[in-house]
Amino acid sequence: MTVSAPLVSARGISKSFGGVEVLRNVDLDLMPGEVHALLGENGAGKSTFAKILAGVHRPTRGTISLAGKPVEIPSPIAAQRLGITLIHQEPISFPDLSVAENLVIGQVGAKPLGRVRWAELAKEARRLMGLLNVPIDVTVPMRGLSIADQQMVEIARALASDSRLIIMDEPTAALTPKEVETLFKIVRRLRDEGRTIIFISHRLEEVRAICDRVTIFRDGDKIETATTASLTDADIIRRMIGRPVADYLHRGVSHVGEIALSVRNLTLPGRFENISFDIRKGEIVGLGGLVGAGRTDVARAIFGVAPAVSGTIEIDGKKVTIHEPTDAIGLGIALVSEDRAIAGIFRSLSVETNITAAVPKRIAPRGIIRRAVEKALAKQAVDKLSIRLATVRQPIGELSGGNQQKAILARWLLAEPEILILDEPTRGIDIGVKAEFYDMIGELAAGGRAILLISSELPELLALSDRILVMSEGRLTADIARAEASQEAIMHAAVPRSGRTAGEGAAA
Amino acid sequence: MNSPDMNTIKSPVSAAPTPRVIVREAAAPRPRWQVWLIRPEVVTLVLLVVASIVATRLSPFFADLGFILESSTYYIEFAIVALVLTIVIISGEIDLSPAAQMALSACLFGTAFKAGAPIPVAMGVSLLSGLVMGAFNGVLVTVLRLPSIIVTIGTLILYRGLAQVLAGDKSISGFPGWFVGIDYRMVGIVPVPVLVFIAASILLGLFLGITIYGRQIYQIGTSEIAAIHAGIRVRRIKMGLFIASGLTSSIAGLMVASRLGSVRYDLATGGELTMVLIVMLGGTYIFGGRGSILGTFLAAWLLVIIATGMTVANIAINAQLTVMGLLLIVSIIATNAIYARSQR
């Protein structure tokens, strides 16, 4: 932190969406040359605040000054011109254009006759990537790059427009630890050059590693701005959720029974090979690995979304064939998929419709929907999982991410599965709700269900799993007992033995 | 159940310990009257009322319900198919081939009759052909996973072409008297085709509204990927819809054959556009997931009134087309605006 004048001075920023105030009277100064974390649960207002700075949203009230001068930021392009760049969690780019073309989008003015000087373009792109010291071939299409590399390209783009303020919205969500390290090195260098970086993340250890100051949001209010060192993790969490957090430690040795699911030599060429493992009743088996290692593909194969080409699946000792999800559901398997927005919710349909989607027989035994039964089932689920909503007839898209995820879990609990596959069940969910999820997962296992938990968050895997399987490049590389499990052991098995980390990061 | 007290959920104010939570967890529900008002069928209904008033002003014939019902028989076959098309579009697909299916199935009927088959057998052939044509569309879309818009443009040309190969350029007629003139058979003042349309509207409206299949069709249209993950048999349902579309088209084709007393390869030419027009006017969302049979039902009458109104008012056919085109665009803008609003 320096004593110089602030680069950005926001005063009294408020924002409402359709009558709901999501940001109230936020004052915040950002200094040149600092990395500033915005923390808060989902829906606390941190992303909205960042998007206002980046010109995505316009504030309902309040003023923003940039280097002492009041400014209007009506659009992302205006923000870019003012030297403000927002780097999205999942980079938005043109996947079929080359890295170089993506880099200089918006930079290349119309040359006479609309010519594009390809050689110059590539040279400029190489110079920019050189600034970051990242070995990326600028002539390959974006599509082939890992998420980490795509983010590097976005950062390079920010450099190309010589941004003074770079906003990173959960940049590490899809990165491996090693990629995070590279990212941090670059962030530190950008800071040393006097640029300001806003860093939004759910991961406190990262905030500690890189941020000079933090600002904590809760329910649209700014709670506090302080130097990172002056707050303990517990302080931060308490301010974020407004109450002390329950410790979500493992429920102790669980009652493990018979083998519920047994998978042998499952293979889907190009995705995974020779996957064999067992899960017992009451057991939580973690499945770790890097993004793109094929974990999600294995889950999708077992659930019948994209079945394996060879190999066998046995349930309760009987061999079964699963061609489509309907078969899997009939056999008592449920999958809470990784991508809630696309493969989970029906955004514009009511919460009750969403919750009862997987149990048509229960709500319509003879083909005609029984509204009363449906409503009762949905309400029970809402109570049981304490889903926060106004009414079950509300479109699910109006709920927060955590509550949407609860509704999806509720959908599968109604189906009374014996085998539950959870693919990144707590991704993008705030800490308070996460703890509730951990409790629920524990309870489900205690109730005799077999659970396969796919997670990229190592602390989560370690806290919940009885046993941890690790995949790397489509193969199972480890089966670690709870006693021997550690972050190091998992990462050791997860990182491919040769070459750079997974080239097809987006494939997971 | 942890907290059986449902009231805390309904009334946030009474949930003393964490009132803050409610503020951000979900937007307040829309008032009920607003939910009703922003349904796109309401737009259709308003247009229908306005059109009726204007038409009555233009010509005194219009106060006569019998006249309107009689004039409707020209559009009613398309309207019947449009009901099924509504469901197809809600499921996220489209079928542009029904008019061509009407022509081919009617020509098959005519050819079979000319070859000496009794009328019931010829009708059976026609219905069977509708089934086969619909299934062919369905296989291309659900098994080969091709986009339905391209598939059905292809089969629209194919089926129409087959009809021409089969029947040549001449019309086939000479059907027995009992088969001809379905539009002149009345129940009270209601012609039989209109009755068929009303009955089909009620049945399909119930199908879509209260059965689990109707529900799943909305779910598929909202998000096909989510539907697959929820265990809904997406391909089977879509296959069924394409077959239903084919079957309905062949029934509509027979109704045209009866009304005209003859069939020719160019029967119902351009009908696909009328059908799409009706469905869109009824507020069904072109990208799937939203829409209703009620909307399509109202839109069919809107079309009848506008078309006959303009004819009665001696408006030239070109000007009529212009009005229809404008109407379609306006209705799409209205529907989109309404859905964009309710999305927030």
# chains A, B, ... in the order shown; residues from 1 in each chain; ligands from 1
call {"tool": "closest_atom_pairs", "arguments": {"of": "chain A", "to": "chain B", "cutoff": "7 Å", "atoms": "only C-alpha atoms", "output": "tab-separated table"}}
result
residue	atom	partner	partner_atom	distance
A:Val20	CA	B:Ala27	CA	6.3
A:Val22	CA	B:Arg24	CA	6.9
A:Gly43	CA	B:Arg24	CA	6.4
A:Asp219	CA	B:Arg24	CA	6.5
A:Pro325	CA	B:Gly231	CA	4.8
A:Thr326	CA	B:Gly231	CA	4.3
A:Ile329	CA	B:Gly231	CA	6.8
A:Ile342	CA	B:Ala226	CA	6.2
A:Ala343	CA	B:Ala226	CA	4.0
A:Gly344	CA	B:Ala226	CA	5.0
A:Ile345	CA	B:Ala226	CA	6.3
A:Phe346	CA	B:Thr222	CA	6.0
A:Ser348	CA	B:Gln343	CA	6.8
A:Ala357	CA	B:Ala230	CA	6.3
A:Ala358	CA	B:Ala230	CA	5.1
A:Pro360	CA	B:Ile212	CA	6.6
A:Ala364	CA	B:Ile212	CA	6.3
A:Gly367	CA	B:Thr211	CA	5.5
A:Ile368	CA	B:Thr211	CA	4.3
A:Ile369	CA	B:Thr211	CA	5.5
A:Asp383	CA	B:Ser3	CA	6.0
A:Lys384	CA	B:Met1	CA	4.5
A:Arg388	CA	B:Glu25	CA	6.3
A:Leu389	CA	B:Ala26	CA	5.8
A:Ala390	CA	B:Lys10	CA	6.0
A:Thr391	CA	B:Lys10	CA	6.8
A:Gln394	CA	B:Pro29	CA	6.5
A:Glu398	CA	B:Ala26	CA	5.5
A:Leu399	CA	B:Ala26	CA	4.8
A:Ser400	CA	B:Glu25	CA	5.4
call {"tool": "residues_around", "arguments": {"residues": "region 324-329 of chain B", "least_positions_apart": "5", "cutoff": "7 Å", "atoms": "only C-alpha atoms", "output": "PDB file with all heavy atoms, in the first residue's frame"}}
result
ATOM      1  N   LEU B 277     -46.732 -18.993 -38.963  1.00  0.00           N
ATOM      2  CA  LEU B 277     -47.343 -17.698 -38.627  1.00  0.00           C
ATOM      3  C   LEU B 277     -48.330 -17.852 -37.464  1.00  0.00           C
ATOM      4  O   LEU B 277     -48.297 -17.088 -36.497  1.00  0.00           O
ATOM      5  CB  LEU B 277     -48.059 -17.126 -39.856  1.00  0.00           C
ATOM      6  CG  LEU B 277     -48.843 -15.830 -39.642  1.00  0.00           C
ATOM      7  CD1 LEU B 277     -47.905 -14.675 -39.359  1.00  0.00           C
ATOM      8  CD2 LEU B 277     -49.697 -15.493 -40.861  1.00  0.00           C
ATOM      9  N   MET B 280     -46.448 -18.592 -34.182  1.00  0.00           N
ATOM     10  CA  MET B 280     -45.738 -17.424 -33.679  1.00  0.00           C
ATOM     11  C   MET B 280     -46.702 -16.369 -33.151  1.00  0.00           C
ATOM     12  O   MET B 280     -46.477 -15.767 -32.112  1.00  0.00           O
ATOM     13  CB  MET B 280     -44.865 -16.805 -34.777  1.00  0.00           C
ATOM     14  CG  MET B 280     -43.718 -17.679 -35.230  1.00  0.00           C
ATOM     15  SD  MET B 280     -42.497 -17.920 -33.927  1.00  0.00           S
ATOM     16  CE  MET B 280     -42.775 -19.628 -33.544  1.00  0.00           C
ATOM     17  N   LEU B 281     -47.796 -16.158 -33.884  1.00  0.00           N
ATOM     18  CA  LEU B 281     -48.805 -15.199 -33.436  1.00  0.00           C
ATOM     19  C   LEU B 281     -49.353 -15.582 -32.072  1.00  0.00           C
ATOM     20  O   LEU B 281     -49.735 -14.730 -31.287  1.00  0.00           O
ATOM     21  CB  LEU B 281     -49.967 -15.137 -34.431  1.00  0.00           C
ATOM     22  CG  LEU B 281     -49.822 -14.231 -35.651  1.00  0.00           C
ATOM     23  CD1 LEU B 281     -51.077 -14.321 -36.500  1.00  0.00           C
ATOM     24  CD2 LEU B 281     -49.583 -12.799 -35.237  1.00  0.00           C
TER      25      LEU B 281
END
call {"tool": "residues_around", "arguments": {"residues": "Ala167 (chain B)", "least_positions_apart": "3", "cutoff": "9 Å", "atoms": "only C-alpha atoms", "output": "JSON, numbers by chain"}}
result
{"B": [104, 107, 108, 110, 111, 162, 163, 164, 170, 171, 172, 263, 264, 265]}
call {"tool": "select_by_dssp", "arguments": {"residues": "region 187-249 of chain B", "states": "helix (DSSP H, G or I)", "output": "PyMOL selection string"}}
result
chain B and resi 192-210+212-222+224-229+234-249
call {"tool": "write_last_selection", "arguments": {"atoms": "C-alpha atoms", "output": "compact mmCIF listing (two decimals), in the first residue's frame"}}
result
# COMPACT_ATOMS: atom_id res chain seq x y z
CA VAL B 192 -67.16 -30.24 -39.03
CA PRO B 193 -63.52 -29.14 -39.67
CA VAL B 194 -63.96 -26.34 -37.11
CA LEU B 195 -65.30 -28.88 -34.68
CA VAL B 196 -62.28 -31.08 -35.28
CA PHE B 197 -60.05 -28.08 -34.63
CA ILE B 198 -61.78 -27.24 -31.37
CA ALA B 199 -61.67 -30.86 -30.19
CA ALA B 200 -58.00 -31.17 -31.12
CA SER B 201 -57.24 -27.92 -29.30
CA ILE B 202 -58.84 -29.17 -26.12
CA LEU B 203 -57.13 -32.57 -26.29
CA LEU B 204 -53.70 -31.22 -27.10
CA GLY B 205 -54.11 -28.40 -24.59
CA LEU B 206 -54.76 -30.97 -21.88
CA PHE B 207 -51.93 -33.15 -23.13
CA LEU B 208 -49.50 -30.26 -22.87
CA GLY B 209 -50.94 -28.80 -19.72
CA ILE B 210 -51.59 -31.65 -17.32
CA ILE B 212 -46.18 -35.63 -17.54
CA TYR B 213 -45.28 -35.75 -21.24
CA GLY B 214 -46.39 -32.16 -21.66
CA ARG B 215 -44.28 -31.18 -18.70
CA GLN B 216 -41.26 -33.02 -20.09
CA ILE B 217 -41.71 -31.34 -23.46
CA TYR B 218 -41.40 -27.94 -21.79
CA GLN B 219 -38.35 -29.19 -19.92
CA ILE B 220 -36.72 -30.47 -23.10
CA GLY B 221 -37.38 -27.15 -24.81
CA THR B 222 -35.98 -25.20 -21.88
CA GLU B 224 -32.25 -30.33 -23.65
CA ILE B 225 -29.00 -31.14 -21.88
CA ALA B 226 -30.56 -30.71 -18.46
CA ALA B 227 -33.48 -32.88 -19.60
CA ILE B 228 -31.13 -35.67 -20.67
CA HIS B 229 -29.36 -35.47 -17.32
CA VAL B 234 -35.61 -36.83 -25.04
CA ARG B 235 -35.14 -38.75 -28.27
CA ARG B 236 -38.18 -40.92 -27.78
CA ILE B 237 -40.40 -37.92 -27.08
CA LYS B 238 -39.12 -35.96 -30.05
CA MET B 239 -39.57 -38.97 -32.29
CA GLY B 240 -43.15 -39.18 -31.09
CA LEU B 241 -43.74 -35.52 -31.86
CA PHE B 242 -42.47 -35.81 -35.42
CA ILE B 243 -44.67 -38.85 -35.98
CA ALA B 244 -47.65 -36.98 -34.52
CA SER B 245 -46.90 -34.12 -36.87
CA GLY B 246 -46.87 -36.48 -39.86
CA LEU B 247 -50.05 -38.20 -38.83
CA THR B 248 -51.87 -34.93 -38.25
CA SER B 249 -50.65 -33.64 -41.59
call {"tool": "residues_around", "arguments": {"residues": "region 69-71 of chain A", "least_positions_apart": "4", "cutoff": "10 Å", "atoms": "only C-alpha atoms", "output": "ChimeraX atom specification"}}
result
/A:7-10,63-65,79,82
call {"tool": "residues_around", "arguments": {"residues": "region 203-216 of chain A", "least_positions_apart": "2", "cutoff": "8 Å", "atoms": "only C-alpha atoms", "output": "ChimeraX atom specification"}}
result
/A:1,34-40,184,188,199,201,218,222-229,233,236,239-240
call {"tool": "residues_around", "arguments": {"residues": "Ala483 (chain A)", "least_positions_apart": "6", "cutoff": "10 Å", "atoms": "only C-alpha atoms", "output": "MDAnalysis selection string"}}
result
chainID A and resid 462 466:467
call {"tool": "select_by_dssp", "arguments": {"residues": "region 145-338 of chain B", "states": "strand (DSSP E or B)", "output": "MDAnalysis selection string"}}
result
chainID B and resid 172:173 186:187 190:191 211 262:263
call {"tool": "write_last_selection", "arguments": {"atoms": "all heavy atoms", "output": "mmCIF file, in the first residue's frame"}}
result
data_model
loop_
_atom_site.group_PDB
_atom_site.id
_atom_site.type_symbol
_atom_site.label_atom_id
_atom_site.label_comp_id
_atom_site.auth_asym_id
_atom_site.auth_seq_id
_atom_site.Cartn_x
_atom_site.Cartn_y
_atom_site.Cartn_z
ATOM 1 N N ILE B 172 -56.468 -35.274 -59.339
ATOM 2 C CA ILE B 172 -57.233 -36.517 -59.241
ATOM 3 C C ILE B 172 -58.544 -36.180 -58.551
ATOM 4 O O ILE B 172 -58.552 -35.553 -57.505
ATOM 5 C CB ILE B 172 -56.467 -37.554 -58.392
ATOM 6 C CG1 ILE B 172 -55.074 -37.809 -59.004
ATOM 7 C CG2 ILE B 172 -57.271 -38.850 -58.280
ATOM 8 C CD1 ILE B 172 -54.165 -38.632 -58.125
ATOM 9 N N SER B 173 -59.642 -36.579 -59.188
ATOM 10 C CA SER B 173 -60.930 -36.304 -58.536
ATOM 11 C C SER B 173 -61.880 -37.480 -58.769
ATOM 12 O O SER B 173 -61.443 -38.576 -59.101
ATOM 13 C CB SER B 173 -61.529 -35.008 -59.074
ATOM 14 O OG SER B 173 -61.613 -35.082 -60.479
ATOM 15 N N MET B 186 -72.448 -29.634 -41.213
ATOM 16 C CA MET B 186 -72.543 -28.750 -40.056
ATOM 17 C C MET B 186 -73.059 -29.485 -38.832
ATOM 18 O O MET B 186 -73.872 -30.404 -38.943
ATOM 19 C CB MET B 186 -73.521 -27.600 -40.342
ATOM 20 C CG MET B 186 -73.204 -26.779 -41.556
ATOM 21 S SD MET B 186 -71.938 -25.580 -41.179
ATOM 22 C CE MET B 186 -71.742 -24.842 -42.796
ATOM 23 N N VAL B 187 -72.590 -29.046 -37.692
ATOM 24 C CA VAL B 187 -73.241 -29.414 -36.436
ATOM 25 C C VAL B 187 -73.737 -28.097 -35.882
ATOM 26 O O VAL B 187 -72.953 -27.272 -35.419
ATOM 27 C CB VAL B 187 -72.262 -30.089 -35.469
ATOM 28 C CG1 VAL B 187 -72.933 -30.360 -34.136
ATOM 29 C CG2 VAL B 187 -71.710 -31.374 -36.074
ATOM 30 N N VAL B 190 -71.797 -24.906 -36.840
ATOM 31 C CA VAL B 190 -70.344 -25.133 -36.857
ATOM 32 C C VAL B 190 -69.980 -26.203 -37.884
ATOM 33 O O VAL B 190 -70.423 -27.351 -37.774
ATOM 34 C CB VAL B 190 -69.843 -25.568 -35.466
ATOM 35 C CG1 VAL B 190 -68.336 -25.624 -35.446
ATOM 36 C CG2 VAL B 190 -70.360 -24.624 -34.394
ATOM 37 N N PRO B 191 -69.163 -25.857 -38.876
ATOM 38 C CA PRO B 191 -68.709 -26.859 -39.841
ATOM 39 C C PRO B 191 -67.843 -27.913 -39.150
ATOM 40 O O PRO B 191 -67.145 -27.590 -38.185
ATOM 41 C CB PRO B 191 -67.863 -26.055 -40.839
ATOM 42 C CG PRO B 191 -68.187 -24.622 -40.582
ATOM 43 C CD PRO B 191 -68.622 -24.524 -39.176
ATOM 44 N N THR B 211 -50.388 -33.449 -18.500
ATOM 45 C CA THR B 211 -49.733 -34.750 -18.462
ATOM 46 C C THR B 211 -48.233 -34.587 -18.242
ATOM 47 O O THR B 211 -47.676 -33.530 -18.471
ATOM 48 C CB THR B 211 -49.926 -35.556 -19.762
ATOM 49 O OG1 THR B 211 -49.164 -34.933 -20.792
ATOM 50 C CG2 THR B 211 -51.394 -35.617 -20.168
ATOM 51 N N SER B 262 -60.872 -32.850 -54.840
ATOM 52 C CA SER B 262 -59.818 -33.317 -55.742
ATOM 53 C C SER B 262 -58.477 -33.106 -55.057
ATOM 54 O O SER B 262 -58.368 -32.338 -54.093
ATOM 55 C CB SER B 262 -59.849 -32.533 -57.054
ATOM 56 O OG SER B 262 -59.412 -31.209 -56.825
ATOM 57 N N VAL B 263 -57.448 -33.821 -55.556
ATOM 58 C CA VAL B 263 -56.106 -33.614 -55.018
ATOM 59 C C VAL B 263 -55.144 -33.350 -56.164
ATOM 60 O O VAL B 263 -55.335 -33.823 -57.296
ATOM 61 C CB VAL B 263 -55.609 -34.833 -54.205
ATOM 62 C CG1 VAL B 263 -56.469 -35.050 -52.997
ATOM 63 C CG2 VAL B 263 -55.562 -36.084 -55.066
#
call {"tool": "residues_around", "arguments": {"residues": "Ile52 (chain A)", "least_positions_apart": "6", "cutoff": "9 Å", "atoms": "only C-alpha atoms", "output": "ChimeraX atom specification"}}
result
/A:13,15,58-59,73-74
call {"tool": "decode", "arguments": {"residues": "region 107-171 of chain A", "atoms": "C-alpha atoms", "output": "PDB file, in the first residue's frame"}}
result
ATOM      1  CA  GLN A 107      -6.736  -3.051 -31.200  1.00  0.00           C
ATOM      2  CA  VAL A 108      -6.279  -3.333 -34.929  1.00  0.00           C
ATOM      3  CA  GLY A 109      -7.754  -0.261 -36.492  1.00  0.00           C
ATOM      4  CA  ALA A 110      -9.039  -0.453 -40.022  1.00  0.00           C
ATOM      5  CA  LYS A 111      -6.001  -0.365 -42.242  1.00  0.00           C
ATOM      6  CA  PRO A 112      -6.484   1.003 -45.753  1.00  0.00           C
ATOM      7  CA  LEU A 113      -8.649  -1.396 -47.773  1.00  0.00           C
ATOM      8  CA  GLY A 114      -9.295  -3.351 -44.594  1.00  0.00           C
ATOM      9  CA  ARG A 115      -6.088  -5.304 -44.994  1.00  0.00           C
ATOM     10  CA  VAL A 116      -4.770  -7.247 -42.053  1.00  0.00           C
ATOM     11  CA  ARG A 117      -1.027  -7.285 -41.689  1.00  0.00           C
ATOM     12  CA  TRP A 118      -0.704 -10.809 -40.409  1.00  0.00           C
ATOM     13  CA  ALA A 119       3.019 -10.704 -39.850  1.00  0.00           C
ATOM     14  CA  GLU A 120       2.794  -7.551 -37.771  1.00  0.00           C
ATOM     15  CA  LEU A 121      -0.137  -8.922 -35.903  1.00  0.00           C
ATOM     16  CA  ALA A 122       1.761 -12.066 -34.936  1.00  0.00           C
ATOM     17  CA  LYS A 123       4.826 -10.030 -33.998  1.00  0.00           C
ATOM     18  CA  GLU A 124       2.817  -7.791 -31.707  1.00  0.00           C
ATOM     19  CA  ALA A 125       1.098 -10.808 -30.181  1.00  0.00           C
ATOM     20  CA  ARG A 126       4.452 -12.478 -29.556  1.00  0.00           C
ATOM     21  CA  ARG A 127       5.749  -9.331 -27.911  1.00  0.00           C
ATOM     22  CA  LEU A 128       2.763  -9.266 -25.560  1.00  0.00           C
ATOM     23  CA  MET A 129       3.036 -12.924 -24.643  1.00  0.00           C
ATOM     24  CA  GLY A 130       6.763 -12.322 -24.159  1.00  0.00           C
ATOM     25  CA  LEU A 131       5.940  -9.712 -21.531  1.00  0.00           C
ATOM     26  CA  LEU A 132       4.232 -12.435 -19.566  1.00  0.00           C
ATOM     27  CA  ASN A 133       6.965 -14.955 -20.181  1.00  0.00           C
ATOM     28  CA  VAL A 134       4.460 -17.622 -21.096  1.00  0.00           C
ATOM     29  CA  PRO A 135       5.347 -20.041 -23.887  1.00  0.00           C
ATOM     30  CA  ILE A 136       2.170 -19.994 -25.978  1.00  0.00           C
ATOM     31  CA  ASP A 137       2.194 -20.331 -29.755  1.00  0.00           C
ATOM     32  CA  VAL A 138       0.249 -17.300 -30.955  1.00  0.00           C
ATOM     33  CA  THR A 139      -0.732 -18.917 -34.256  1.00  0.00           C
ATOM     34  CA  VAL A 140      -2.792 -21.777 -32.789  1.00  0.00           C
ATOM     35  CA  PRO A 141      -6.528 -21.365 -32.299  1.00  0.00           C
ATOM     36  CA  MET A 142      -7.791 -20.468 -28.805  1.00  0.00           C
ATOM     37  CA  ARG A 143      -9.841 -23.661 -28.720  1.00  0.00           C
ATOM     38  CA  GLY A 144      -6.787 -25.826 -28.184  1.00  0.00           C
ATOM     39  CA  LEU A 145      -5.550 -23.884 -25.154  1.00  0.00           C
ATOM     40  CA  SER A 146      -6.082 -24.846 -21.533  1.00  0.00           C
ATOM     41  CA  ILE A 147      -8.224 -22.508 -19.444  1.00  0.00           C
ATOM     42  CA  ALA A 148      -5.048 -21.301 -17.751  1.00  0.00           C
ATOM     43  CA  ASP A 149      -3.438 -20.419 -21.057  1.00  0.00           C
ATOM     44  CA  GLN A 150      -6.617 -18.740 -22.228  1.00  0.00           C
ATOM     45  CA  GLN A 151      -6.501 -16.600 -19.125  1.00  0.00           C
ATOM     46  CA  MET A 152      -2.926 -15.696 -19.870  1.00  0.00           C
ATOM     47  CA  VAL A 153      -4.087 -14.510 -23.262  1.00  0.00           C
ATOM     48  CA  GLU A 154      -6.745 -12.375 -21.597  1.00  0.00           C
ATOM     49  CA  ILE A 155      -4.152 -10.880 -19.304  1.00  0.00           C
ATOM     50  CA  ALA A 156      -1.900 -10.198 -22.269  1.00  0.00           C
ATOM     51  CA  ARG A 157      -4.846  -8.452 -23.864  1.00  0.00           C
ATOM     52  CA  ALA A 158      -5.151  -6.246 -20.801  1.00  0.00           C
ATOM     53  CA  LEU A 159      -1.476  -5.392 -21.190  1.00  0.00           C
ATOM     54  CA  ALA A 160      -1.962  -4.643 -24.844  1.00  0.00           C
ATOM     55  CA  SER A 161      -4.415  -1.913 -23.967  1.00  0.00           C
ATOM     56  CA  ASP A 162      -2.071  -0.824 -21.162  1.00  0.00           C
ATOM     57  CA  SER A 163      -4.733  -1.196 -18.489  1.00  0.00           C
ATOM     58  CA  ARG A 164      -4.257   0.597 -15.196  1.00  0.00           C
ATOM     59  CA  LEU A 165      -6.906  -1.462 -13.431  1.00  0.00           C
ATOM     60  CA  ILE A 166      -7.206  -5.190 -14.059  1.00  0.00           C
ATOM     61  CA  ILE A 167     -10.141  -7.006 -12.493  1.00  0.00           C
ATOM     62  CA  MET A 168      -9.848 -10.770 -12.126  1.00  0.00           C
ATOM     63  CA  ASP A 169     -13.110 -12.511 -11.291  1.00  0.00           C
ATOM     64  CA  GLU A 170     -12.262 -15.886  -9.747  1.00  0.00           C
ATOM     65  CA  PRO A 171      -9.316 -16.409 -12.065  1.00  0.00           C
TER      66      PRO A 171
END
